[in-house]
Amino acid sequence: MSEQSERKRVILSGIQPTGTFTLGNYIGAVRNWAKLQDEFDCLYMVADLHALTVRQDPAALRRHSREAAAMILASGVDPKRSILFVQSHVPAHTQLNWIFCCNAQFGELSRMTQFKDKSAKHPDNVNGGLFTYPALMAADILIYNAELVPVGQDQTQHLELARNIAQRFNNNYSPTFVMPEGYVTKEGAKIMSLADPTRKMSKSDTNANAFILLTDDRDTITRKFKRAVTDSEGEVRYDPAAKPGVSNLMAIYHIFTGKTMEEIQHEFEGQGYGAFKEAVGTAVADGLAPIQNEYNRILADKEYVDTVLKEGAESASRIANKMIQKVYRKVGLLQL
Ligand code: AMP
Ligand code: TRP
């Protein structure tokens, strides 16, 4: 972080290492992370503890954590300017998590849609961590007094809860935490599944045609876009309610080409969906190619990735440990 870091506002965001990132993760979250580095002091985190709320294969989790770090670096996050670390490497997060578990209320945790969704999806493993997940996420954010949190739309409810926790703590004790705001970009806040455009694109989808992985090769990307579910109208027009499939493809095309919705509509006028889908596939494959090259290069150098993560954990711990001492003191834990 720069020497003038005190004057810059702090950003924190995280992503779970539960598999290879999708195009949704990239557009909704990681793509924005690199862009924010000049203006803010950024901390980016591989949320491995959050991943444990659903069953993980230990070897795969370890591999995915390194891969996630490599993909974040490949997307342009620069460890000289930002802090990149793994959540479990900074134990202060779990320490603050406990304090927040004793602050967050059963009622508010019960209202979280992600908890309801994931409980329904894994009825055999509705564990305590899944329920208190937002308290840990609040700890991730508030321990650095992050003011902005760049995430996709699905995380805004968790952010709201983090604000409630911060406010309650500040009221019960004394002003301690800054109120975090979400940083949700309008375009791409929610990229939809290619197989069912009424659902969000998710890496845990059982249908591999539903998502684009950032590691998919050109042929796979083009094939998946060709198969993307649209409608029978045959007109490229932006209307998310009536035409969710086409509108989702338009949003993706817009992000990769910078063309406006009107320009896109005009470009494919009277051409049907074939040419449009082909163009979207090509634009995405072209856009991802340099990131994929970087990813492969970085991932091949494990030592480099591990050094970045080690230094990241040290820098993050320095900030986080100060905050946890302050919080422990405020809540009345005996300090010797
Ligand atoms: P997750 O994969 O659930 O750990 O999500 C990591 C980040 O990607 C979060 O900021 C999410 O909001 C974002 N994200 C996940 N899926 C999508 C999607 N389909 N569209 C936009 N953002 C997404
Ligand atoms: N819960 C987030 C997700 O599933 C990941 C995450 C964990 C996070 N801690 C965070 C995001 C703190 C932003 C800030 O996507």
# chains A, B, ... in the order shown; residues from 1 in each chain; ligands from 1

call {"tool": "residues_near_ligand", "arguments": {"ligand": "ligand 1", "cutoff": "6 Å", "atoms": "only C-alpha atoms and all ligand atoms", "output": "ChimeraX atom specification"}}
result
/A:15-16,24-25,28-29,151-155,188-192,200-202

call {"tool": "write_last_selection", "arguments": {"atoms": "N, CA and C atoms", "output": "PDB file, in the first residue's frame"}}
result
ATOM      1  N   ILE A  15     -13.890 -13.537  -2.359  1.00  0.00           N
ATOM      2  CA  ILE A  15     -14.536 -14.525  -3.224  1.00  0.00           C
ATOM      3  C   ILE A  15     -14.208 -15.911  -2.686  1.00  0.00           C
ATOM      4  N   GLN A  16     -15.176 -16.803  -2.753  1.00  0.00           N
ATOM      5  CA  GLN A  16     -14.956 -18.137  -2.200  1.00  0.00           C
ATOM      6  C   GLN A  16     -14.222 -19.034  -3.190  1.00  0.00           C
ATOM      7  N   GLY A  24     -19.658 -14.800 -14.484  1.00  0.00           N
ATOM      8  CA  GLY A  24     -20.441 -14.005 -13.530  1.00  0.00           C
ATOM      9  C   GLY A  24     -19.560 -13.419 -12.434  1.00  0.00           C
ATOM     10  N   ASN A  25     -18.678 -14.236 -11.881  1.00  0.00           N
ATOM     11  CA  ASN A  25     -17.746 -13.749 -10.855  1.00  0.00           C
ATOM     12  C   ASN A  25     -16.868 -12.652 -11.417  1.00  0.00           C
ATOM     13  N   GLY A  28     -19.227  -9.505 -12.375  1.00  0.00           N
ATOM     14  CA  GLY A  28     -19.877  -8.924 -11.204  1.00  0.00           C
ATOM     15  C   GLY A  28     -18.888  -8.437 -10.155  1.00  0.00           C
ATOM     16  N   ALA A  29     -17.730  -9.079 -10.076  1.00  0.00           N
ATOM     17  CA  ALA A  29     -16.840  -8.753  -8.967  1.00  0.00           C
ATOM     18  C   ALA A  29     -15.402  -8.491  -9.398  1.00  0.00           C
ATOM     19  N   VAL A 151     -19.116  -5.959  -4.851  1.00  0.00           N
ATOM     20  CA  VAL A 151     -19.679  -7.314  -4.960  1.00  0.00           C
ATOM     21  C   VAL A 151     -20.799  -7.317  -5.997  1.00  0.00           C
ATOM     22  N   GLY A 152     -21.249  -8.512  -6.330  1.00  0.00           N
ATOM     23  CA  GLY A 152     -22.435  -8.660  -7.164  1.00  0.00           C
ATOM     24  C   GLY A 152     -23.683  -8.458  -6.313  1.00  0.00           C
ATOM     25  N   GLN A 153     -24.800  -8.337  -7.018  1.00  0.00           N
ATOM     26  CA  GLN A 153     -26.059  -8.008  -6.346  1.00  0.00           C
ATOM     27  C   GLN A 153     -26.462  -9.008  -5.256  1.00  0.00           C
ATOM     28  N   ASP A 154     -26.074 -10.275  -5.449  1.00  0.00           N
ATOM     29  CA  ASP A 154     -26.509 -11.312  -4.499  1.00  0.00           C
ATOM     30  C   ASP A 154     -25.937 -11.101  -3.103  1.00  0.00           C
ATOM     31  N   GLN A 155     -24.947 -10.218  -2.960  1.00  0.00           N
ATOM     32  CA  GLN A 155     -24.332 -10.019  -1.642  1.00  0.00           C
ATOM     33  C   GLN A 155     -24.855  -8.778  -0.912  1.00  0.00           C
ATOM     34  N   GLY A 188     -23.874  -5.815 -15.299  1.00  0.00           N
ATOM     35  CA  GLY A 188     -23.241  -7.059 -14.898  1.00  0.00           C
ATOM     36  C   GLY A 188     -23.332  -7.374 -13.426  1.00  0.00           C
ATOM     37  N   ALA A 189     -24.189  -6.631 -12.695  1.00  0.00           N
ATOM     38  CA  ALA A 189     -24.340  -6.931 -11.272  1.00  0.00           C
ATOM     39  C   ALA A 189     -24.879  -8.342 -11.093  1.00  0.00           C
ATOM     40  N   LYS A 190     -25.596  -8.800 -12.106  1.00  0.00           N
ATOM     41  CA  LYS A 190     -26.111 -10.164 -12.036  1.00  0.00           C
ATOM     42  C   LYS A 190     -26.120 -10.780 -13.436  1.00  0.00           C
ATOM     43  N   ILE A 191     -25.128 -11.598 -13.694  1.00  0.00           N
ATOM     44  CA  ILE A 191     -25.062 -12.314 -14.972  1.00  0.00           C
ATOM     45  C   ILE A 191     -25.862 -13.611 -14.809  1.00  0.00           C
ATOM     46  N   MET A 192     -26.730 -13.862 -15.779  1.00  0.00           N
ATOM     47  CA  MET A 192     -27.650 -14.980 -15.633  1.00  0.00           C
ATOM     48  C   MET A 192     -27.097 -16.254 -16.280  1.00  0.00           C
ATOM     49  N   LYS A 200     -29.317 -16.942 -11.622  1.00  0.00           N
ATOM     50  CA  LYS A 200     -27.977 -16.347 -11.790  1.00  0.00           C
ATOM     51  C   LYS A 200     -26.972 -17.414 -12.224  1.00  0.00           C
ATOM     52  N   MET A 201     -25.997 -16.969 -12.986  1.00  0.00           N
ATOM     53  CA  MET A 201     -24.921 -17.872 -13.384  1.00  0.00           C
ATOM     54  C   MET A 201     -24.134 -18.240 -12.139  1.00  0.00           C
ATOM     55  N   SER A 202     -23.994 -19.543 -11.899  1.00  0.00           N
ATOM     56  CA  SER A 202     -23.335 -19.983 -10.678  1.00  0.00           C
ATOM     57  C   SER A 202     -22.407 -21.157 -10.976  1.00  0.00           C
TER      58      SER A 202
END

call {"tool": "select_by_dssp", "arguments": {"residues": "stretch 74-270 of chain A", "states": "strand (DSSP E)", "output": "PyMOL selection string"}}
result
chain A and resi 83-86+148-150+181-183

call {"tool": "write_last_selection", "arguments": {"atoms": "N, CA, C and O atoms", "output": "mmCIF file, in the first residue's frame"}}
result
data_model
loop_
_atom_site.group_PDB
_atom_site.id
_atom_site.type_symbol
_atom_site.label_atom_id
_atom_site.label_comp_id
_atom_site.auth_asym_id
_atom_site.auth_seq_id
_atom_site.Cartn_x
_atom_site.Cartn_y
_atom_site.Cartn_z
ATOM 1 N N ILE A 83 -3.582 -5.416 -1.158
ATOM 2 C CA ILE A 83 -3.258 -6.548 -0.296
ATOM 3 C C ILE A 83 -4.114 -7.735 -0.719
ATOM 4 O O ILE A 83 -5.341 -7.648 -0.715
ATOM 5 N N LEU A 84 -3.462 -8.816 -1.102
ATOM 6 C CA LEU A 84 -4.180 -10.032 -1.483
ATOM 7 C C LEU A 84 -3.843 -11.113 -0.463
ATOM 8 O O LEU A 84 -2.670 -11.387 -0.221
ATOM 9 N N PHE A 85 -4.866 -11.705 0.134
ATOM 10 C CA PHE A 85 -4.588 -12.698 1.179
ATOM 11 C C PHE A 85 -5.690 -13.742 1.254
ATOM 12 O O PHE A 85 -6.743 -13.597 0.641
ATOM 13 N N VAL A 86 -5.403 -14.779 2.029
ATOM 14 C CA VAL A 86 -6.370 -15.853 2.263
ATOM 15 C C VAL A 86 -6.967 -15.646 3.658
ATOM 16 O O VAL A 86 -6.247 -15.422 4.624
ATOM 17 N N LEU A 148 -16.042 0.700 1.186
ATOM 18 C CA LEU A 148 -16.704 0.212 -0.020
ATOM 19 C C LEU A 148 -16.434 -1.272 -0.204
ATOM 20 O O LEU A 148 -15.317 -1.743 0.036
ATOM 21 N N VAL A 149 -17.458 -1.974 -0.643
ATOM 22 C CA VAL A 149 -17.351 -3.408 -0.830
ATOM 23 C C VAL A 149 -17.870 -3.770 -2.228
ATOM 24 O O VAL A 149 -19.082 -3.833 -2.445
ATOM 25 N N PRO A 150 -16.957 -3.962 -3.184
ATOM 26 C CA PRO A 150 -17.407 -4.289 -4.540
ATOM 27 C C PRO A 150 -17.834 -5.754 -4.655
ATOM 28 O O PRO A 150 -17.015 -6.652 -4.533
ATOM 29 N N GLU A 181 -20.385 0.564 2.484
ATOM 30 C CA GLU A 181 -21.369 0.683 1.399
ATOM 31 C C GLU A 181 -21.046 -0.372 0.353
ATOM 32 O O GLU A 181 -19.884 -0.671 0.109
ATOM 33 N N GLY A 182 -22.083 -0.850 -0.311
ATOM 34 C CA GLY A 182 -21.848 -1.760 -1.427
ATOM 35 C C GLY A 182 -21.377 -0.983 -2.641
ATOM 36 O O GLY A 182 -21.723 0.182 -2.806
ATOM 37 N N TYR A 183 -20.558 -1.606 -3.445
ATOM 38 C CA TYR A 183 -20.162 -1.002 -4.711
ATOM 39 C C TYR A 183 -20.589 -2.011 -5.770
ATOM 40 O O TYR A 183 -19.891 -2.984 -6.051
#

call {"tool": "closest_residue", "arguments": {"among": "A:Thr53, A:Thr282, A:Gln325, A:Ser75", "to": "A:Thr222", "atoms": "only C-alpha atoms"}}
result
A:Thr282

call {"tool": "residues_around", "arguments": {"residues": "A:Asp219", "least_positions_apart": "5", "cutoff": "12 Å", "atoms": "only C-alpha atoms", "output": "tab-separated table (two decimals) with all heavy atoms, in the first residue's frame"}}
result
chain	number	residue	atom	x	y	z
A	212	ILE	N	-20.00	-20.01	-18.08
A	212	ILE	CA	-18.70	-19.93	-18.75
A	212	ILE	C	-17.67	-19.87	-17.63
A	212	ILE	O	-17.79	-19.03	-16.74
A	212	ILE	CB	-18.58	-18.63	-19.60
A	212	ILE	CG1	-19.69	-18.54	-20.65
A	212	ILE	CG2	-17.19	-18.51	-20.21
A	212	ILE	CD1	-19.53	-19.42	-21.85
A	224	LYS	N	-20.86	-22.89	-25.95
A	224	LYS	CA	-21.82	-22.60	-24.88
A	224	LYS	C	-22.71	-21.42	-25.25
A	224	LYS	O	-23.91	-21.42	-24.97
A	224	LYS	CB	-21.10	-22.35	-23.56
A	224	LYS	CG	-20.55	-23.63	-22.92
A	224	LYS	CD	-19.89	-23.32	-21.57
A	224	LYS	CE	-19.35	-24.58	-20.91
A	224	LYS	NZ	-18.62	-24.27	-19.66
A	225	PHE	N	-22.12	-20.40	-25.87
A	225	PHE	CA	-22.94	-19.25	-26.27
A	225	PHE	C	-23.91	-19.62	-27.39
A	225	PHE	O	-25.04	-19.15	-27.42
A	225	PHE	CB	-22.07	-18.05	-26.66
A	225	PHE	CG	-21.65	-17.24	-25.47
A	225	PHE	CD1	-20.33	-17.19	-25.06
A	225	PHE	CD2	-22.60	-16.53	-24.74
A	225	PHE	CE1	-19.94	-16.46	-23.94
A	225	PHE	CE2	-22.23	-15.79	-23.62
A	225	PHE	CZ	-20.90	-15.75	-23.23
A	226	LYS	N	-23.47	-20.50	-28.29
A	226	LYS	CA	-24.36	-20.93	-29.37
A	226	LYS	C	-25.58	-21.63	-28.80
A	226	LYS	O	-26.68	-21.54	-29.34
A	226	LYS	CB	-23.62	-21.90	-30.30
A	226	LYS	CG	-23.04	-21.18	-31.51
A	226	LYS	CD	-22.48	-22.18	-32.51
A	226	LYS	CE	-21.46	-21.48	-33.39
A	226	LYS	NZ	-20.39	-22.38	-33.85
A	278	GLU	N	-22.79	-15.86	-31.99
A	278	GLU	CA	-21.42	-16.08	-32.47
A	278	GLU	C	-20.53	-14.89	-32.06
A	278	GLU	O	-19.42	-15.06	-31.55
A	278	GLU	CB	-21.47	-16.20	-34.00
A	278	GLU	CG	-20.14	-16.36	-34.67
A	278	GLU	CD	-19.88	-17.81	-35.06
A	278	GLU	OE1	-20.84	-18.46	-35.54
A	278	GLU	OE2	-18.74	-18.27	-34.86
A	281	GLY	N	-19.82	-14.87	-28.32
A	281	GLY	CA	-18.81	-15.88	-28.01
A	281	GLY	C	-17.41	-15.40	-28.37
A	281	GLY	O	-16.46	-15.53	-27.58
A	282	THR	N	-17.29	-14.81	-29.55
A	282	THR	CA	-15.97	-14.33	-30.00
A	282	THR	C	-15.46	-13.20	-29.10
A	282	THR	O	-14.30	-13.19	-28.70
A	282	THR	CB	-16.07	-13.83	-31.46
A	282	THR	OG1	-16.59	-14.91	-32.24
A	282	THR	CG2	-14.73	-13.41	-32.00
A	284	VAL	N	-16.18	-12.58	-26.00
A	284	VAL	CA	-15.80	-13.08	-24.67
A	284	VAL	C	-14.48	-13.85	-24.77
A	284	VAL	O	-13.57	-13.63	-23.96
A	284	VAL	CB	-16.92	-13.95	-24.06
A	284	VAL	CG1	-16.45	-14.66	-22.80
A	284	VAL	CG2	-18.16	-13.10	-23.77
A	285	ALA	N	-14.36	-14.71	-25.78
A	285	ALA	CA	-13.12	-15.49	-25.93
A	285	ALA	C	-11.93	-14.55	-26.14
A	285	ALA	O	-10.88	-14.73	-25.52
A	285	ALA	CB	-13.25	-16.46	-27.10
A	286	ASP	N	-12.11	-13.53	-26.97
A	286	ASP	CA	-11.03	-12.55	-27.19
A	286	ASP	C	-10.68	-11.81	-25.90
A	286	ASP	O	-9.51	-11.59	-25.59
A	286	ASP	CB	-11.45	-11.50	-28.23
A	286	ASP	CG	-11.49	-12.07	-29.63
A	286	ASP	OD1	-10.99	-13.20	-29.82
A	286	ASP	OD2	-12.04	-11.40	-30.54

call {"tool": "residues_around", "arguments": {"residues": "A:Tyr304", "least_positions_apart": "5", "cutoff": "12 Å", "atoms": "only C-alpha atoms", "output": "NGL selection string"}}
result
:A and (66 or 69-70 or 73 or 79 or 297-299 or 309-311)

call {"tool": "write_last_selection", "arguments": {"atoms": "N, CA, C and O atoms", "output": "compact mmCIF listing (two decimals), in the first residue's frame"}}
result
# COMPACT_ATOMS: atom_id res chain seq x y z
N ARG A 66 -5.34 -21.53 -4.14
CA ARG A 66 -4.21 -21.00 -4.90
C ARG A 66 -4.67 -20.52 -6.28
O ARG A 66 -4.23 -19.49 -6.78
N ALA A 69 -6.36 -17.18 -6.07
CA ALA A 69 -5.38 -16.09 -5.94
C ALA A 69 -4.75 -15.80 -7.30
O ALA A 69 -4.60 -14.63 -7.68
N ALA A 70 -4.39 -16.85 -8.03
CA ALA A 70 -3.77 -16.65 -9.36
C ALA A 70 -4.74 -15.95 -10.30
O ALA A 70 -4.33 -15.08 -11.09
N LEU A 73 -4.93 -12.26 -9.45
CA LEU A 73 -3.74 -11.58 -9.97
C LEU A 73 -3.82 -11.43 -11.49
O LEU A 73 -3.51 -10.37 -12.04
N PRO A 79 -0.19 -6.86 -6.49
CA PRO A 79 0.14 -7.01 -5.07
C PRO A 79 1.04 -5.90 -4.54
O PRO A 79 1.22 -5.80 -3.32
N ARG A 297 0.44 -18.52 -16.64
CA ARG A 297 1.81 -18.13 -16.31
C ARG A 297 1.99 -18.02 -14.79
O ARG A 297 2.93 -18.56 -14.23
N ILE A 298 1.04 -17.34 -14.15
CA ILE A 298 1.15 -17.11 -12.70
C ILE A 298 1.00 -18.42 -11.91
O ILE A 298 1.75 -18.70 -10.99
N LEU A 299 0.03 -19.22 -12.33
CA LEU A 299 -0.23 -20.46 -11.59
C LEU A 299 0.95 -21.43 -11.66
O LEU A 299 1.17 -22.23 -10.75
N LEU A 309 0.80 -14.22 -1.16
CA LEU A 309 -0.20 -14.49 -0.12
C LEU A 309 0.38 -14.35 1.28
O LEU A 309 -0.30 -13.88 2.20
N LYS A 310 1.63 -14.74 1.43
CA LYS A 310 2.27 -14.62 2.74
C LYS A 310 2.41 -13.15 3.12
O LYS A 310 2.07 -12.74 4.24
N GLU A 311 2.92 -12.38 2.18
CA GLU A 311 3.08 -10.94 2.46
C GLU A 311 1.74 -10.27 2.66
O GLU A 311 1.58 -9.40 3.50

call {"tool": "select_by_dssp", "arguments": {"residues": "stretch 34-167 of chain A", "states": "alpha helix (DSSP H)", "output": "number ranges by chain"}}
result
A: 34-35, 48-51, 58-74, 92-101, 106-110, 113-121, 128-142, 156-167

call {"tool": "residues_around", "arguments": {"residues": "stretch 130-140 of chain A", "least_positions_apart": "4", "cutoff": "7 Å", "atoms": "only C-alpha atoms", "output": "list in words"}}
result
His50, Thr53, His93, Thr94, Leu96, Asn97, Phe100, Cys101, Ala104, Leu109, Phe115, Val126, His158 and Ala162 of chain A

call {"tool": "atom_distance", "arguments": {"atom1": "atom CA of A:Leu288", "atom2": "atom CA of A:Val30"}}
result
12.8 Å

call {"tool": "decode", "arguments": {"residues": "stretch 199-211 of chain A", "atoms": "all heavy atoms", "output": "mmCIF file, in the first residue's frame"}}
result
data_model
loop_
_atom_site.group_PDB
_atom_site.id
_atom_site.type_symbol
_atom_site.label_atom_id
_atom_site.label_comp_id
_atom_site.auth_asym_id
_atom_site.auth_seq_id
_atom_site.Cartn_x
_atom_site.Cartn_y
_atom_site.Cartn_z
ATOM 1 N N ARG A 199 -32.215 -17.549 -13.725
ATOM 2 C CA ARG A 199 -31.386 -17.821 -12.541
ATOM 3 C C ARG A 199 -29.994 -17.258 -12.743
ATOM 4 O O ARG A 199 -29.538 -17.127 -13.866
ATOM 5 C CB ARG A 199 -31.285 -19.332 -12.321
ATOM 6 C CG ARG A 199 -32.624 -19.938 -11.911
ATOM 7 C CD ARG A 199 -32.573 -21.432 -11.874
ATOM 8 N NE ARG A 199 -31.277 -21.920 -11.403
ATOM 9 C CZ ARG A 199 -30.907 -23.201 -11.479
ATOM 10 N NH1 ARG A 199 -31.708 -24.085 -12.020
ATOM 11 N NH2 ARG A 199 -29.735 -23.580 -11.027
ATOM 12 N N LYS A 200 -29.317 -16.942 -11.622
ATOM 13 C CA LYS A 200 -27.977 -16.347 -11.790
ATOM 14 C C LYS A 200 -26.972 -17.414 -12.224
ATOM 15 O O LYS A 200 -27.112 -18.591 -11.890
ATOM 16 C CB LYS A 200 -27.539 -15.627 -10.513
ATOM 17 C CG LYS A 200 -26.903 -16.497 -9.476
ATOM 18 C CD LYS A 200 -26.084 -15.697 -8.452
ATOM 19 C CE LYS A 200 -25.407 -16.679 -7.508
ATOM 20 N NZ LYS A 200 -24.504 -16.131 -6.537
ATOM 21 N N MET A 201 -25.997 -16.969 -12.986
ATOM 22 C CA MET A 201 -24.921 -17.872 -13.384
ATOM 23 C C MET A 201 -24.134 -18.240 -12.139
ATOM 24 O O MET A 201 -23.688 -17.364 -11.410
ATOM 25 C CB MET A 201 -24.001 -17.192 -14.412
ATOM 26 C CG MET A 201 -22.897 -18.101 -14.911
ATOM 27 S SD MET A 201 -21.754 -17.304 -16.056
ATOM 28 C CE MET A 201 -22.703 -17.238 -17.555
ATOM 29 N N SER A 202 -23.994 -19.543 -11.899
ATOM 30 C CA SER A 202 -23.335 -19.983 -10.678
ATOM 31 C C SER A 202 -22.407 -21.157 -10.976
ATOM 32 O O SER A 202 -22.753 -22.053 -11.746
ATOM 33 C CB SER A 202 -24.394 -20.381 -9.655
ATOM 34 O OG SER A 202 -23.817 -21.151 -8.633
ATOM 35 N N LYS A 203 -21.219 -21.114 -10.326
ATOM 36 C CA LYS A 203 -20.255 -22.181 -10.601
ATOM 37 C C LYS A 203 -20.703 -23.519 -10.014
ATOM 38 O O LYS A 203 -20.155 -24.554 -10.351
ATOM 39 C CB LYS A 203 -18.861 -21.790 -10.102
ATOM 40 C CG LYS A 203 -18.761 -21.425 -8.654
ATOM 41 C CD LYS A 203 -17.426 -20.745 -8.352
ATOM 42 C CE LYS A 203 -17.482 -20.037 -7.006
ATOM 43 N NZ LYS A 203 -16.527 -18.959 -6.856
ATOM 44 N N SER A 204 -21.703 -23.483 -9.138
ATOM 45 C CA SER A 204 -22.162 -24.748 -8.563
ATOM 46 C C SER A 204 -23.326 -25.350 -9.360
ATOM 47 O O SER A 204 -23.901 -26.356 -8.960
ATOM 48 C CB SER A 204 -22.556 -24.543 -7.095
ATOM 49 O OG SER A 204 -23.565 -23.566 -7.007
ATOM 50 N N ASP A 205 -23.659 -24.757 -10.493
ATOM 51 C CA ASP A 205 -24.726 -25.307 -11.333
ATOM 52 C C ASP A 205 -24.330 -26.701 -11.823
ATOM 53 O O ASP A 205 -23.185 -26.923 -12.197
ATOM 54 C CB ASP A 205 -24.951 -24.375 -12.543
ATOM 55 C CG ASP A 205 -26.364 -24.482 -13.084
ATOM 56 O OD1 ASP A 205 -26.792 -25.613 -13.405
ATOM 57 O OD2 ASP A 205 -27.048 -23.450 -13.169
ATOM 58 N N THR A 206 -25.290 -27.621 -11.819
ATOM 59 C CA THR A 206 -24.953 -28.983 -12.248
ATOM 60 C C THR A 206 -24.839 -29.081 -13.772
ATOM 61 O O THR A 206 -24.236 -30.010 -14.290
ATOM 62 C CB THR A 206 -26.014 -29.989 -11.757
ATOM 63 O OG1 THR A 206 -27.306 -29.449 -12.057
ATOM 64 C CG2 THR A 206 -25.890 -30.230 -10.266
ATOM 65 N N ASN A 207 -25.412 -28.125 -14.491
ATOM 66 C CA ASN A 207 -25.332 -28.120 -15.945
ATOM 67 C C ASN A 207 -24.169 -27.225 -16.393
ATOM 68 O O ASN A 207 -24.216 -26.012 -16.245
ATOM 69 C CB ASN A 207 -26.674 -27.595 -16.491
ATOM 70 C CG ASN A 207 -26.666 -27.484 -18.002
ATOM 71 O OD1 ASN A 207 -25.677 -27.812 -18.662
ATOM 72 N ND2 ASN A 207 -27.778 -27.017 -18.545
ATOM 73 N N ALA A 208 -23.145 -27.847 -16.953
ATOM 74 C CA ALA A 208 -21.930 -27.103 -17.337
ATOM 75 C C ALA A 208 -22.192 -26.108 -18.468
ATOM 76 O O ALA A 208 -21.396 -25.192 -18.686
ATOM 77 C CB ALA A 208 -20.821 -28.069 -17.727
ATOM 78 N N ASN A 209 -23.291 -26.272 -19.193
ATOM 79 C CA ASN A 209 -23.616 -25.309 -20.256
ATOM 80 C C ASN A 209 -24.223 -24.025 -19.701
ATOM 81 O O ASN A 209 -24.420 -23.054 -20.434
ATOM 82 C CB ASN A 209 -24.598 -25.927 -21.252
ATOM 83 C CG ASN A 209 -23.908 -26.934 -22.148
ATOM 84 O OD1 ASN A 209 -22.765 -26.739 -22.550
ATOM 85 N ND2 ASN A 209 -24.594 -28.024 -22.434
ATOM 86 N N ALA A 210 -24.516 -24.031 -18.394
ATOM 87 C CA ALA A 210 -25.155 -22.872 -17.778
ATOM 88 C C ALA A 210 -24.152 -21.747 -17.534
ATOM 89 O O ALA A 210 -24.522 -20.587 -17.429
ATOM 90 C CB ALA A 210 -25.810 -23.281 -16.458
ATOM 91 N N PHE A 211 -22.870 -22.108 -17.420
ATOM 92 C CA PHE A 211 -21.875 -21.080 -17.072
ATOM 93 C C PHE A 211 -20.676 -21.125 -18.007
ATOM 94 O O PHE A 211 -20.394 -22.143 -18.633
ATOM 95 C CB PHE A 211 -21.399 -21.254 -15.628
ATOM 96 C CG PHE A 211 -20.959 -22.645 -15.267
ATOM 97 C CD1 PHE A 211 -19.751 -23.147 -15.728
ATOM 98 C CD2 PHE A 211 -21.751 -23.459 -14.463
ATOM 99 C CE1 PHE A 211 -19.346 -24.436 -15.403
ATOM 100 C CE2 PHE A 211 -21.352 -24.754 -14.132
ATOM 101 C CZ PHE A 211 -20.144 -25.244 -14.605
#
